[in-house]
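Peer 1: Below is a structure I'd like to ask you about.
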Number of protein chains: 2
Amino acid sequence: MIVWKNLDAAEAYKKLQAVQDAVRLRAVLDKDRVAAYSAPMACGLRYNYAAKKVDGRVLQLLQELADEQQLVEKYRALLAGEIINTGENRKVLHHLARGQLGADVVFQGKNMRQFYEEQRQKIADFAAKVHAGEIRGSTGKPFSTVTQIGIGGSDLGPRALYLALENWAAKNGKKKMDAHFISNVDPDDGAAVIASLNPEETLFILVSKSGVTQETLANELFVKSFLKKAGLDPAKHMIAVTSETSPLANNPAYLASFYMDDFIGGRFSSSSAVGGAVISLAFGPEVFACFLSGAAESDKMALETDIRKNAALLDALIGVYERNVLGFPATAVLPYSQALSRFPAHLQQADMESNGKQVNRFGEPLSYATGPVVFGEPGTNGQHSFYQLLHQGTDIIPLQFIGFLENQTGEDVEVDGSTSQMKLRANLAAQIVAFAKGKDDENPNKRFPGERPSSLISGKQLTPEVLGALLAHFENKIMFQGFTWNVNSFDQEGVQLGKKLTKNVLAGDMDETLAAYAGILGL
Amino acid sequence: MIVWKNLDAAEAYKKLQAVQDAVRLRAVLDKDRVAAYSAPMACGLRYNYAAKKVDGRVLQLLQELADEQQLVEKYRALLAGEIINTGENRKVLHHLARGQLGADVVFQGKNMRQFYEEQRQKIADFAAKVHAGEIRGSTGKPFSTVTQIGIGGSDLGPRALYLALENWAAKNGKKKMDAHFISNVDPDDGAAVIASLNPEETLFILVSKSGVTQETLANELFVKSFLKKAGLDPAKHMIAVTSETSPLANNPAYLASFYMDDFIGGRFSSSSAVGGAVISLAFGPEVFACFLSGAAESDKMALETDIRKNAALLDALIGVYERNVLGFPATAVLPYSQALSRFPAHLQQADMESNGKQVNRFGEPLSYATGPVVFGEPGTNGQHSFYQLLHQGTDIIPLQFIGFLENQTGEDVEVDGSTSQMKLRANLAAQIVAFAKGKDDENPNKRFPGERPSSLISGKQLTPEVLGALLAHFENKIMFQGFTWNVNSFDQEGVQLGKKLTKNVLAGDMDETLAAYAGILGL
């Protein structure tokens with residue numbers, strides 16, 4: 001039987017609190033530890049945690065915590081279609097968009113895996129017709145460009161995936177269409193994107209699950225007005241990704257509609273039609289299928305109960321240890337890959353929106369810290385930016401490095417006996433050791449304290465499969481952390497108050513304080 | 001006489017510690033406070049701090065702290081050319097690149113203000129010739145595109161400024177050339193940018209103060225090899241921005257060279273030739289001059305000793321209060337302007353690299369927190385991403401909002417009775433109040449605790465002058481915080497160890513631990 005209980009009610013957590021910060025990386029980090037502290041991941045990736053502040057004893061207690069909090073059992077319950085998003089009384093089914101690991105999940109007579117698969121297939125068929133020139137714009141020109149209109153989960157994930165695969169696709173002959181994204185309600189966002197487009201050849205994807213997202217609907221009209229001015233028929237230049245019950249569904253204003261539903265949260269929707277439409281159009285449906293297969297492999301590995309063999313679970317537990325026992329307030333995600341330039345921004349949403357909660361899943365206040373601040377930029381860029389604070393600041397920020405043996409384009413140059421790709425990897429290896437071991441110096445200003453923990457996810461190359469595996473790793477990590485903290489990771493009530501007050505401002509229905517701020521802003 | 005002393009040696013700081021968290025925003029935030037807690041800034045901007053957790057008593061103590069730590073006097077000493085960057089025995093002169101507020105600063109017989117002005121004028125003349133088609137590429141075609149090669153301060157600031165002004169320039173007939181940026185040593189960064197360029201029409205700007213930055217030199221050769229393959233003469237397609245003593249200076253490999261020096265740190269170099277070359281080429285020298293004049297106005301206002309009339313000083317002091325008395329670990333920068341999409345990334349560098357220090361300016365260890373983690377994304381995008389944690393997470397993250405009454409392009413659309421620009425502003429006003437005042441609810445999951453402090457910088461429109469004023473505000477805030485914490489904000493020793501270990505990896509000169517990590521990464 002599954003028991004949902006708070007972290008501080010767990011026996012293993014009490015034991016962990018007693019351990020405190022037992023590991024000195026300067027003392028223990030050596031080649032044997034680097035070899036031993038490594039867990040397999042999907043698609044040939046490895047998770048190395050030798051530079052984390054854990055040892056056999058801490059790992060044993062984290063295993064006990066995983067068992068006591070029934071983390072894998074809760075994941076199985078999620079896969080089986082139980083109502084895990086209790087606040088909104090919803091199932092949590094994004095894993096089903098990429099595979100099936102449990103029994104059939106049926107809702108109102110509908111097999112949910114089949115439903116997501118049908119939508120994927122519909123998108124694949126539609127994309128194939130666009131690529132073949134069978135579906136064209138209103139003046140008969142084939143579509144060369146796709147532009148997604150969406151915000152939050154309908155923007156950050158798909159955009160991060162597109163950027164991650166753009167160079168890979170160009171190199172491997174998979175680039176079918178350019179993609180652009182319009183998200184912000186600031187009209188300058190849409191205006192700038194639109195100014196770069198040839199409207200006759202552009203297909204827009206309108207993405208809103210509810211069909212009522214204020215920013216997205218404003219941008220839809222912005223785009224439609226632009227299309228009309230160009231003498232085009234908007235209904236022949238726009239498809240919708242939405243839920244079947246939204247006003248956008250089955251609507252003649254769109255060339256086609258593809259569906260997801262309330263069981264896939266926005267920040268977990270990259271595997272659904274939300275990511276599927278733009279990735280299938282830009283790179284072909286088979287690239288999106290490869291991405292899903294990598295994610296599915298990751299999901300399968302997350303069922304393992306031995307934390308040393310389950311990277312997502314281990315990563316989650318070490319994160320909880322760092323947050324709640326060691327007291328570190330933030331985490332940086334540092335991919336040594338320019339293709340992952342917006343991956344940290346997507347993880348920032350996925351993590352902070354999921355676990356930035358102060359009540360447990362029953363609405364009871366918590367007396368321990370939950371989700372940390374997550375931020376990051378690609379290395380080596382970050383090295384010349386905020387790494388100073390990471391090395392020598394007064395707070396310790398745990399680090400998540402990501403690196404690959406090969407780049408995507410195959411282009412490179414040799415300078416001073418090494419290629420740029422070698423320099424990139426050498427920098428990454430050097431940083432891990434610098435953060436962990438530090439350096440003494442007579443000049444205290446040149447002293448590095450070390451003891452700054454990091455982990456490394458490494459792989460051969462960032463391909464669609466690997467990207468899927470990587471994304472699912474972090475999604476599952478976030479899920480396991482939510483279970484450990486006993487929060488509901490799948491709602492986001494914290495966004496509602498701002499929405500309500502915004503409507504009040506626009507309706508002129510304000511108290512004096514809100515009116516004063518509106519006044520400063522000319523409203 | 002100036003006395004450099006630690007924060008915890010200040011009497012005013014001890015009194016502040018006794019005050020603790022005295023202000024309940026739910027109780028005190030009203031229209032009178034919104035009207036009263038407002039400080040003027042340069043170029044018509046206003047700094048509103050009504051939603052900060054300060055009151056008359058805290059402000060009085062912050063004033064005492066400012067006076068006791070001699071913050072404005074120290075700024076005057078900096079302007080007078082004293083050796084403020086003691087760790088590297090250097091003056092700190094970025095203010096001189098945009099104006100002069102003290103006596104002449106002369107170094108080795110050179111008037112430094114004149115030197116920076118000469119460089120600006122040389123760039124202006126060069127840009128005018130490029131725009132007039134008098135300077136052309138090696139096949140005789142005029143230059144249509146400029147691409148900056150640089151990393152860290154030679155990338156983030158200039159890139160943020162370019163993006164901030166691109167739409168404004170297009171709207172106002174000032175857009176002369178497209179600009180691109182290559183920064184990462186990951187060869188996929190350069191390869192992707194290069195693939196989008198017409199080499200015959202592209203002018204590259206190589207930016208490295210020392211002339212030995214590993215990433216930048218690798219990218220230089222990458223670009224030169226591309227130019228040669230295209231049958232072009234690299235020396236006719238590249239200019240250098242560097243110091244006069246670097247190997248890049250006066251080098252026939254470049255069409256022209258423009259200079260800065262060791263007295264302008266990378267992260268403060270946007271006002272120098274580092275930002276000047278690309279902004280002058282992209283938008284014309286007069287746009288860059290406007291930017292500098294806005295910054296100069298900001299610098300002048302930062303001389304005011306009354307903290308209520310000196311927004312940079314007040315912003316700095318409130319930040320110290322939040323960090324060291326209230327114990328908040330991070331700060332988010334949230335511009336409600338898509339044009340400022342990379343402004344938070346630039347501030348992240350400027351702030352974290354400057355004040356992420358654990359020793360004071362004499363190298364003595366500090367027993368209090370210094371620079372916080374800084375992160376951010378534009379609103380409204382962030383609202384659909386990490387705001388959940390900001391509203392309902394277990395940590396309080398102080399917020400810095402930025403907003404404008406008008407957008408840059410003039411394009412807009414009306415939906416449901418309001419334009420997108422109105423929606424943008426309404427969201428901003430709503431968020432400030434939601435964060436400060438929160439909301440009670442019977443359902444604890446829908447409860448907002450409030451008491452989450454924010455400030456608002458507002459202005460009419462993001463123009464070059466306003467951008468200069470905004471940048472200088474944050475630069476001066478960072479400087480004042482560094483003075484308050486008694487750290488040297490102008491060196492970055494924390495980046496050196498990684499550089500050294502990287503060289504060791506590439507030379508094969510590694511200990512076993514480093515070799516183990518290098519091995520994972522195929523080195």
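In the structure tokens, each chain is lettered A, B, ... as it comes, each chain's residues begin at 1, and ligands are numbered from 1 in order of appearance.
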Determine, for each residue of chain A having at least one atom at most 6 Å from an atom of chain B, the closest pair of atoms and their separation in Å to one decimal, counting only C-alpha atoms; order by chain and ascending number, as JSON lines.

Peer 2:
```
{"residue": "A:Asp30", "atom": "CA", "partner": "B:Thr513", "partner_atom": "CA", "distance": 4.8}
{"residue": "A:Lys31", "atom": "CA", "partner": "B:Thr513", "partner_atom": "CA", "distance": 4.7}
{"residue": "A:Gly152", "atom": "CA", "partner": "B:His384", "partner_atom": "CA", "distance": 4.4}
{"residue": "A:Asn184", "atom": "CA", "partner": "B:Asn381", "partner_atom": "CA", "distance": 5.6}
{"residue": "A:Val185", "atom": "CA", "partner": "B:Ser420", "partner_atom": "CA", "distance": 5.7}
{"residue": "A:Asp186", "atom": "CA", "partner": "B:Gln421", "partner_atom": "CA", "distance": 5.8}
{"residue": "A:Pro187", "atom": "CA", "partner": "B:Asp412", "partner_atom": "CA", "distance": 5.5}
{"residue": "A:Asp188", "atom": "CA", "partner": "B:Thr409", "partner_atom": "CA", "distance": 5.9}
{"residue": "A:Asp189", "atom": "CA", "partner": "B:Gln338", "partner_atom": "CA", "distance": 5.8}
{"residue": "A:Phe222", "atom": "CA", "partner": "B:Val413", "partner_atom": "CA", "distance": 5.6}
{"residue": "A:Gln338", "atom": "CA", "partner": "B:Asp189", "partner_atom": "CA", "distance": 5.8}
{"residue": "A:Gln349", "atom": "CA", "partner": "B:Ser385", "partner_atom": "CA", "distance": 4.4}
{"residue": "A:Met352", "atom": "CA", "partner": "B:Phe386", "partner_atom": "CA", "distance": 5.1}
{"residue": "A:Glu353", "atom": "CA", "partner": "B:Gln388", "partner_atom": "CA", "distance": 5.0}
{"residue": "A:Gly356", "atom": "CA", "partner": "B:Leu389", "partner_atom": "CA", "distance": 3.8}
{"residue": "A:Lys357", "atom": "CA", "partner": "B:Gly393", "partner_atom": "CA", "distance": 4.6}
{"residue": "A:Gln358", "atom": "CA", "partner": "B:Thr394", "partner_atom": "CA", "distance": 5.4}
{"residue": "A:Gly363", "atom": "CA", "partner": "B:Pro444", "partner_atom": "CA", "distance": 5.2}
{"residue": "A:Ala369", "atom": "CA", "partner": "B:Thr394", "partner_atom": "CA", "distance": 5.5}
{"residue": "A:Thr380", "atom": "CA", "partner": "B:Asn184", "partner_atom": "CA", "distance": 5.8}
{"residue": "A:Asn381", "atom": "CA", "partner": "B:Asn184", "partner_atom": "CA", "distance": 5.7}
{"residue": "A:His384", "atom": "CA", "partner": "B:Gly152", "partner_atom": "CA", "distance": 4.5}
{"residue": "A:Ser385", "atom": "CA", "partner": "B:Gln349", "partner_atom": "CA", "distance": 4.4}
{"residue": "A:Phe386", "atom": "CA", "partner": "B:Gln349", "partner_atom": "CA", "distance": 5.0}
{"residue": "A:Gln388", "atom": "CA", "partner": "B:Gly494", "partner_atom": "CA", "distance": 4.6}
{"residue": "A:Leu389", "atom": "CA", "partner": "B:Gly356", "partner_atom": "CA", "distance": 3.8}
{"residue": "A:His391", "atom": "CA", "partner": "B:Gly494", "partner_atom": "CA", "distance": 5.6}
{"residue": "A:Gln392", "atom": "CA", "partner": "B:Lys357", "partner_atom": "CA", "distance": 5.3}
{"residue": "A:Gly393", "atom": "CA", "partner": "B:Gly356", "partner_atom": "CA", "distance": 4.2}
{"residue": "A:Thr394", "atom": "CA", "partner": "B:Gln358", "partner_atom": "CA", "distance": 5.3}
{"residue": "A:Leu405", "atom": "CA", "partner": "B:Leu521", "partner_atom": "CA", "distance": 5.7}
{"residue": "A:Thr409", "atom": "CA", "partner": "B:Asp188", "partner_atom": "CA", "distance": 5.9}
{"residue": "A:Asp412", "atom": "CA", "partner": "B:Pro187", "partner_atom": "CA", "distance": 5.5}
{"residue": "A:Val413", "atom": "CA", "partner": "B:Phe222", "partner_atom": "CA", "distance": 5.6}
{"residue": "A:Ser420", "atom": "CA", "partner": "B:Val185", "partner_atom": "CA", "distance": 5.7}
{"residue": "A:Gln421", "atom": "CA", "partner": "B:Asp186", "partner_atom": "CA", "distance": 5.8}
{"residue": "A:Leu424", "atom": "CA", "partner": "B:Asp186", "partner_atom": "CA", "distance": 5.9}
{"residue": "A:Ala426", "atom": "CA", "partner": "B:Thr502", "partner_atom": "CA", "distance": 5.3}
{"residue": "A:Asn427", "atom": "CA", "partner": "B:Thr502", "partner_atom": "CA", "distance": 5.0}
{"residue": "A:Ala429", "atom": "CA", "partner": "B:Tyr517", "partner_atom": "CA", "distance": 5.4}
{"residue": "A:Ala430", "atom": "CA", "partner": "B:Leu501", "partner_atom": "CA", "distance": 5.1}
{"residue": "A:Gln431", "atom": "CA", "partner": "B:Gly498", "partner_atom": "CA", "distance": 5.3}
{"residue": "A:Ala434", "atom": "CA", "partner": "B:Gly498", "partner_atom": "CA", "distance": 5.9}
{"residue": "A:Pro444", "atom": "CA", "partner": "B:Gly363", "partner_atom": "CA", "distance": 5.3}
{"residue": "A:Asn445", "atom": "CA", "partner": "B:Gly363", "partner_atom": "CA", "distance": 5.3}
{"residue": "A:Lys446", "atom": "CA", "partner": "B:Glu493", "partner_atom": "CA", "distance": 5.7}
{"residue": "A:Glu493", "atom": "CA", "partner": "B:Lys446", "partner_atom": "CA", "distance": 5.7}
{"residue": "A:Gly494", "atom": "CA", "partner": "B:Gln388", "partner_atom": "CA", "distance": 4.6}
{"residue": "A:Val495", "atom": "CA", "partner": "B:Gln388", "partner_atom": "CA", "distance": 5.7}
{"residue": "A:Gly498", "atom": "CA", "partner": "B:Gln431", "partner_atom": "CA", "distance": 5.3}
{"residue": "A:Leu501", "atom": "CA", "partner": "B:Ala430", "partner_atom": "CA", "distance": 5.1}
{"residue": "A:Thr502", "atom": "CA", "partner": "B:Asn427", "partner_atom": "CA", "distance": 5.0}
{"residue": "A:Val505", "atom": "CA", "partner": "B:Ala426", "partner_atom": "CA", "distance": 5.8}
{"residue": "A:Glu512", "atom": "CA", "partner": "B:Lys31", "partner_atom": "CA", "distance": 5.8}
{"residue": "A:Thr513", "atom": "CA", "partner": "B:Lys31", "partner_atom": "CA", "distance": 4.7}
{"residue": "A:Ala516", "atom": "CA", "partner": "B:Lys31", "partner_atom": "CA", "distance": 5.4}
{"residue": "A:Tyr517", "atom": "CA", "partner": "B:Ala429", "partner_atom": "CA", "distance": 5.4}
{"residue": "A:Ala518", "atom": "CA", "partner": "B:Ala429", "partner_atom": "CA", "distance": 5.5}
{"residue": "A:Leu521", "atom": "CA", "partner": "B:Leu405", "partner_atom": "CA", "distance": 5.7}
```

Peer 1: Please provide the set of residues having any atom within 8 Å of A:Pro234, restricted to only C-alpha atoms, with same-chain residues fewer than 5 positions apart removed, written as a PDB file with C-alpha atoms, in the first residue's frame.

Peer 2:
```pdb
ATOM      1  CA  LYS A 224      -3.770  36.666 -38.227  1.00  0.00           C
ATOM      2  CA  LEU A 227      -1.530  37.322 -42.611  1.00  0.00           C
ATOM      3  CA  LYS A 228      -4.630  39.213 -43.711  1.00  0.00           C
ATOM      4  CA  ALA A 253     -10.212  28.622 -38.342  1.00  0.00           C
ATOM      5  CA  TYR A 254      -7.414  26.047 -38.469  1.00  0.00           C
TER       6      TYR A 254
END
```

Peer 1: Which residues are near stretch 276-280 of chain B? Cut-off 8 Å, only C-alpha atoms, ignore same chain within fewer than 5 positions. Put them as a compact mmCIF listing (two decimals) with all heavy atoms, in the first residue's frame.

Peer 2:
```
# COMPACT_ATOMS: atom_id res chain seq x y z
N ARG B 120 36.46 55.91 -29.46
CA ARG B 120 35.06 56.00 -29.88
C ARG B 120 34.98 56.73 -31.21
O ARG B 120 34.24 56.32 -32.12
CB ARG B 120 34.23 56.73 -28.81
CG ARG B 120 32.72 56.61 -29.02
CD ARG B 120 31.92 57.50 -28.09
NE ARG B 120 32.20 58.91 -28.31
CZ ARG B 120 31.76 59.62 -29.35
NH1 ARG B 120 31.01 59.07 -30.28
NH2 ARG B 120 32.08 60.91 -29.48
N ILE B 123 36.19 54.58 -34.07
CA ILE B 123 35.15 53.61 -34.43
C ILE B 123 34.05 54.30 -35.24
O ILE B 123 33.57 53.76 -36.25
CB ILE B 123 34.55 52.95 -33.16
CG1 ILE B 123 35.58 52.01 -32.54
CG2 ILE B 123 33.26 52.19 -33.48
CD1 ILE B 123 35.20 51.52 -31.15
N ALA B 124 33.66 55.49 -34.79
CA ALA B 124 32.60 56.22 -35.51
C ALA B 124 33.02 56.48 -36.95
O ALA B 124 32.23 56.28 -37.89
CB ALA B 124 32.31 57.54 -34.78
N ALA B 127 32.99 53.15 -38.86
CA ALA B 127 31.62 52.70 -39.13
C ALA B 127 31.00 53.53 -40.26
O ALA B 127 30.32 52.99 -41.14
CB ALA B 127 30.77 52.80 -37.86
N VAL B 146 27.65 42.25 -39.48
CA VAL B 146 28.80 42.28 -38.60
C VAL B 146 28.67 41.10 -37.61
O VAL B 146 27.56 40.76 -37.20
CB VAL B 146 28.89 43.65 -37.88
CG1 VAL B 146 27.64 43.96 -37.08
CG2 VAL B 146 30.12 43.73 -37.00
N THR B 147 29.78 40.45 -37.33
CA THR B 147 29.75 39.29 -36.42
C THR B 147 30.86 39.43 -35.39
O THR B 147 32.03 39.50 -35.74
CB THR B 147 29.90 37.98 -37.21
OG1 THR B 147 28.80 37.86 -38.12
CG2 THR B 147 29.91 36.78 -36.27
N GLN B 148 30.47 39.50 -34.14
CA GLN B 148 31.43 39.67 -33.06
C GLN B 148 31.91 38.31 -32.56
O GLN B 148 31.11 37.41 -32.31
CB GLN B 148 30.78 40.46 -31.91
CG GLN B 148 31.69 40.68 -30.72
CD GLN B 148 31.65 42.12 -30.22
OE1 GLN B 148 31.49 43.06 -31.00
NE2 GLN B 148 31.78 42.31 -28.93
N PRO B 158 27.57 43.26 -25.06
CA PRO B 158 27.27 43.73 -26.41
C PRO B 158 26.07 43.00 -27.04
O PRO B 158 25.24 43.63 -27.71
CB PRO B 158 28.57 43.41 -27.18
CG PRO B 158 29.64 43.48 -26.13
CD PRO B 158 29.00 42.95 -24.87
N LEU B 161 22.89 44.36 -25.49
CA LEU B 161 22.60 45.71 -26.00
C LEU B 161 22.06 45.65 -27.43
O LEU B 161 21.12 46.35 -27.79
CB LEU B 161 23.86 46.57 -25.98
CG LEU B 161 24.54 46.81 -24.63
CD1 LEU B 161 25.67 47.82 -24.79
CD2 LEU B 161 23.55 47.29 -23.58
N TYR B 162 22.68 44.81 -28.24
CA TYR B 162 22.22 44.69 -29.64
C TYR B 162 20.76 44.24 -29.67
O TYR B 162 19.92 44.85 -30.37
CB TYR B 162 23.11 43.71 -30.41
CG TYR B 162 22.60 43.45 -31.81
CD1 TYR B 162 22.78 44.39 -32.82
CD2 TYR B 162 21.88 42.30 -32.10
CE1 TYR B 162 22.27 44.19 -34.09
CE2 TYR B 162 21.37 42.08 -33.37
CZ TYR B 162 21.56 43.03 -34.37
OH TYR B 162 21.05 42.81 -35.62
N ALA B 179 23.65 42.00 -36.87
CA ALA B 179 24.79 41.55 -36.07
C ALA B 179 24.58 40.12 -35.59
O ALA B 179 23.45 39.70 -35.31
CB ALA B 179 25.02 42.46 -34.88
N ILE B 205 34.34 41.15 -35.94
CA ILE B 205 35.01 41.93 -34.90
C ILE B 205 35.59 40.94 -33.90
O ILE B 205 34.85 40.22 -33.23
CB ILE B 205 34.05 42.86 -34.14
CG1 ILE B 205 33.20 43.69 -35.11
CG2 ILE B 205 34.81 43.75 -33.18
CD1 ILE B 205 32.14 44.54 -34.39
N VAL B 241 39.34 44.42 -31.50
CA VAL B 241 39.18 45.29 -30.34
C VAL B 241 40.00 44.65 -29.24
O VAL B 241 39.74 43.50 -28.83
CB VAL B 241 37.71 45.43 -29.92
CG1 VAL B 241 37.60 46.19 -28.60
CG2 VAL B 241 36.89 46.10 -31.01
N SER B 270 31.00 47.23 -21.96
CA SER B 270 30.04 47.56 -23.02
C SER B 270 30.14 49.00 -23.47
O SER B 270 29.83 49.33 -24.62
CB SER B 270 28.61 47.29 -22.53
OG SER B 270 28.41 45.93 -22.31
N SER B 271 30.54 49.89 -22.57
CA SER B 271 30.65 51.31 -22.91
C SER B 271 31.92 51.63 -23.68
O SER B 271 32.07 52.73 -24.19
CB SER B 271 30.66 52.17 -21.63
OG SER B 271 29.57 51.86 -20.81
N PRO B 285 27.02 55.27 -35.28
CA PRO B 285 27.75 55.80 -34.12
C PRO B 285 26.89 56.71 -33.25
O PRO B 285 27.10 56.78 -32.04
CB PRO B 285 28.89 56.61 -34.75
CG PRO B 285 28.96 56.23 -36.18
CD PRO B 285 27.67 55.58 -36.56
N GLU B 286 25.93 57.40 -33.84
CA GLU B 286 25.13 58.33 -33.02
C GLU B 286 24.25 57.58 -32.03
O GLU B 286 23.95 58.07 -30.95
CB GLU B 286 24.31 59.29 -33.90
CG GLU B 286 23.16 58.69 -34.67
CD GLU B 286 23.59 57.92 -35.93
OE1 GLU B 286 24.81 57.71 -36.12
OE2 GLU B 286 22.71 57.50 -36.69
N VAL B 287 23.85 56.36 -32.39
CA VAL B 287 23.06 55.56 -31.45
C VAL B 287 23.94 55.14 -30.26
O VAL B 287 23.52 55.19 -29.10
CB VAL B 287 22.46 54.31 -32.15
CG1 VAL B 287 21.88 53.33 -31.15
CG2 VAL B 287 21.39 54.75 -33.15
N PHE B 288 25.17 54.78 -30.56
CA PHE B 288 26.08 54.43 -29.48
C PHE B 288 26.35 55.65 -28.59
O PHE B 288 26.39 55.54 -27.36
CB PHE B 288 27.39 53.86 -30.03
CG PHE B 288 28.32 53.36 -28.96
CD1 PHE B 288 27.94 52.32 -28.12
CD2 PHE B 288 29.56 53.95 -28.78
CE1 PHE B 288 28.80 51.86 -27.12
CE2 PHE B 288 30.43 53.50 -27.78
CZ PHE B 288 30.04 52.45 -26.94
```

Peer 1: Return as a PyMOL selection string the full set of residues in stretch 99-229 of chain B whose backbone-based DSSP assignment is helix (DSSP H, G or I).

Peer 2: chain B and resi 112-131+152-154+156-171+187-195+199-201+214-229

Peer 1: Among stretch 360-483 of chain A, which residues carry a DSSP assignment of strand (DSSP E), reported as a list in words?

Peer 2: Val373, Val374, Phe375, Leu399, Gln400, Phe401, Ile402, Gly403, Phe404, Glu414, Val415, Ser418, Thr419, Ser454, Ser455, Leu456, Ile457, Ser458 and Gly459 of chain A

Peer 1: Leaving out B:Phe480 and any residue of its chain fewer than 3 positions from it, which residues lie within 9 Å of it when counting only C-alpha atoms, given as a PyMOL selection string?

Peer 2: chain B and resi 66+71-72+74-75+312-313+316-317+475-477+483-485

Peer 1: Give me a file of those residues, with C-alpha atoms, as an mmCIF file, in the first residue's frame.

Peer 2:
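As written to disk, again29.cif reads:
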```cif
data_model
loop_
_atom_site.group_PDB
_atom_site.id
_atom_site.type_symbol
_atom_site.label_atom_id
_atom_site.label_comp_id
_atom_site.auth_asym_id
_atom_site.auth_seq_id
_atom_site.Cartn_x
_atom_site.Cartn_y
_atom_site.Cartn_z
ATOM 1 C CA ALA B 66 26.071 54.304 3.266
ATOM 2 C CA LEU B 71 30.066 54.589 -0.451
ATOM 3 C CA VAL B 72 29.827 57.780 -2.464
ATOM 4 C CA LYS B 74 34.662 55.586 -2.587
ATOM 5 C CA TYR B 75 32.869 56.096 -5.883
ATOM 6 C CA ALA B 312 21.716 52.895 -7.628
ATOM 7 C CA LEU B 313 22.891 53.422 -4.067
ATOM 8 C CA ALA B 316 22.463 48.381 -3.602
ATOM 9 C CA LEU B 317 21.739 48.943 0.082
ATOM 10 C CA GLU B 475 26.840 48.632 -12.835
ATOM 11 C CA ASN B 476 26.803 51.284 -10.120
ATOM 12 C CA LYS B 477 24.571 49.195 -7.886
ATOM 13 C CA PHE B 483 32.069 48.730 -1.400
ATOM 14 C CA THR B 484 29.500 47.823 1.254
ATOM 15 C CA TRP B 485 30.764 44.256 1.484
#
```

Peer 1: If we count only C-alpha atoms, what is near stretch 89-96 of chain B at a cut-off of 6 Å, once residues fewer than 4 positions away on the same chain are taken out, given as a compact mmCIF listing (two decimals) with N, CA, C and O atoms, in the first residue's frame?

Peer 2:
```
# COMPACT_ATOMS: atom_id res chain seq x y z
N GLY B 81 40.43 58.07 -10.29
CA GLY B 81 41.51 57.26 -10.83
C GLY B 81 42.35 56.56 -9.76
O GLY B 81 43.45 56.08 -10.05
N GLU B 82 41.84 56.47 -8.53
CA GLU B 82 42.59 55.71 -7.53
C GLU B 82 42.59 54.22 -7.87
O GLU B 82 41.76 53.75 -8.64
N ILE B 83 43.55 53.50 -7.28
CA ILE B 83 43.68 52.07 -7.57
C ILE B 83 42.62 51.33 -6.77
O ILE B 83 42.85 50.87 -5.65
N ILE B 84 41.42 51.20 -7.34
CA ILE B 84 40.31 50.55 -6.63
C ILE B 84 40.38 49.03 -6.80
O ILE B 84 40.01 48.27 -5.91
N ASN B 85 40.85 48.58 -7.94
CA ASN B 85 41.07 47.14 -8.16
C ASN B 85 42.44 46.79 -7.60
O ASN B 85 43.43 46.66 -8.32
N GLN B 100 32.98 62.38 -17.85
CA GLN B 100 33.99 62.64 -16.82
C GLN B 100 33.35 63.41 -15.69
O GLN B 100 32.80 64.48 -15.89
N ARG B 113 40.35 59.81 -20.34
CA ARG B 113 39.07 60.16 -20.97
C ARG B 113 39.30 60.46 -22.46
O ARG B 113 38.54 59.99 -23.31
N PHE B 263 42.08 48.92 -17.43
CA PHE B 263 41.30 49.66 -16.43
C PHE B 263 39.79 49.51 -16.67
O PHE B 263 38.99 50.07 -15.92
N ILE B 264 39.44 48.81 -17.72
CA ILE B 264 38.01 48.52 -17.97
C ILE B 264 37.84 47.00 -17.99
O ILE B 264 38.30 46.32 -18.91
```

Peer 1: For B:Pro453, work out the shell of residues within 9 Å, counting only C-alpha atoms and skipping chain neighbours fewer than 3 positions away, then give it as an MDAnalysis selection string.

Peer 2: chainID B and resid 25 49:53 396:400 432 435:436 450

Peer 1: Go ahead and write the residues just picked, C-alpha atoms, as a short mmCIF file (atom, residue, chain, number, x, y, z; two decimals), in the first residue's frame.

Peer 2:
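The file below, selection-v1.cif, is the result:
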```
data_model
loop_
_atom_site.label_atom_id
_atom_site.label_comp_id
_atom_site.auth_asym_id
_atom_site.auth_seq_id
_atom_site.Cartn_x
_atom_site.Cartn_y
_atom_site.Cartn_z
CA LEU B 25 4.00 44.38 3.11
CA TYR B 49 10.72 50.45 -3.88
CA ALA B 50 7.34 50.57 -2.16
CA ALA B 51 7.17 46.77 -2.28
CA LYS B 52 10.56 46.36 -0.59
CA LYS B 53 10.67 45.42 3.09
CA ILE B 396 11.87 34.16 -0.70
CA ILE B 397 13.59 35.54 -3.81
CA PRO B 398 13.64 39.35 -4.11
CA LEU B 399 12.58 40.56 -7.54
CA GLN B 400 13.69 43.39 -9.80
CA ILE B 432 4.02 43.20 -7.91
CA PHE B 435 3.95 38.98 -4.63
CA ALA B 436 3.69 41.62 -1.93
CA GLY B 450 2.84 37.38 -0.02
#
```
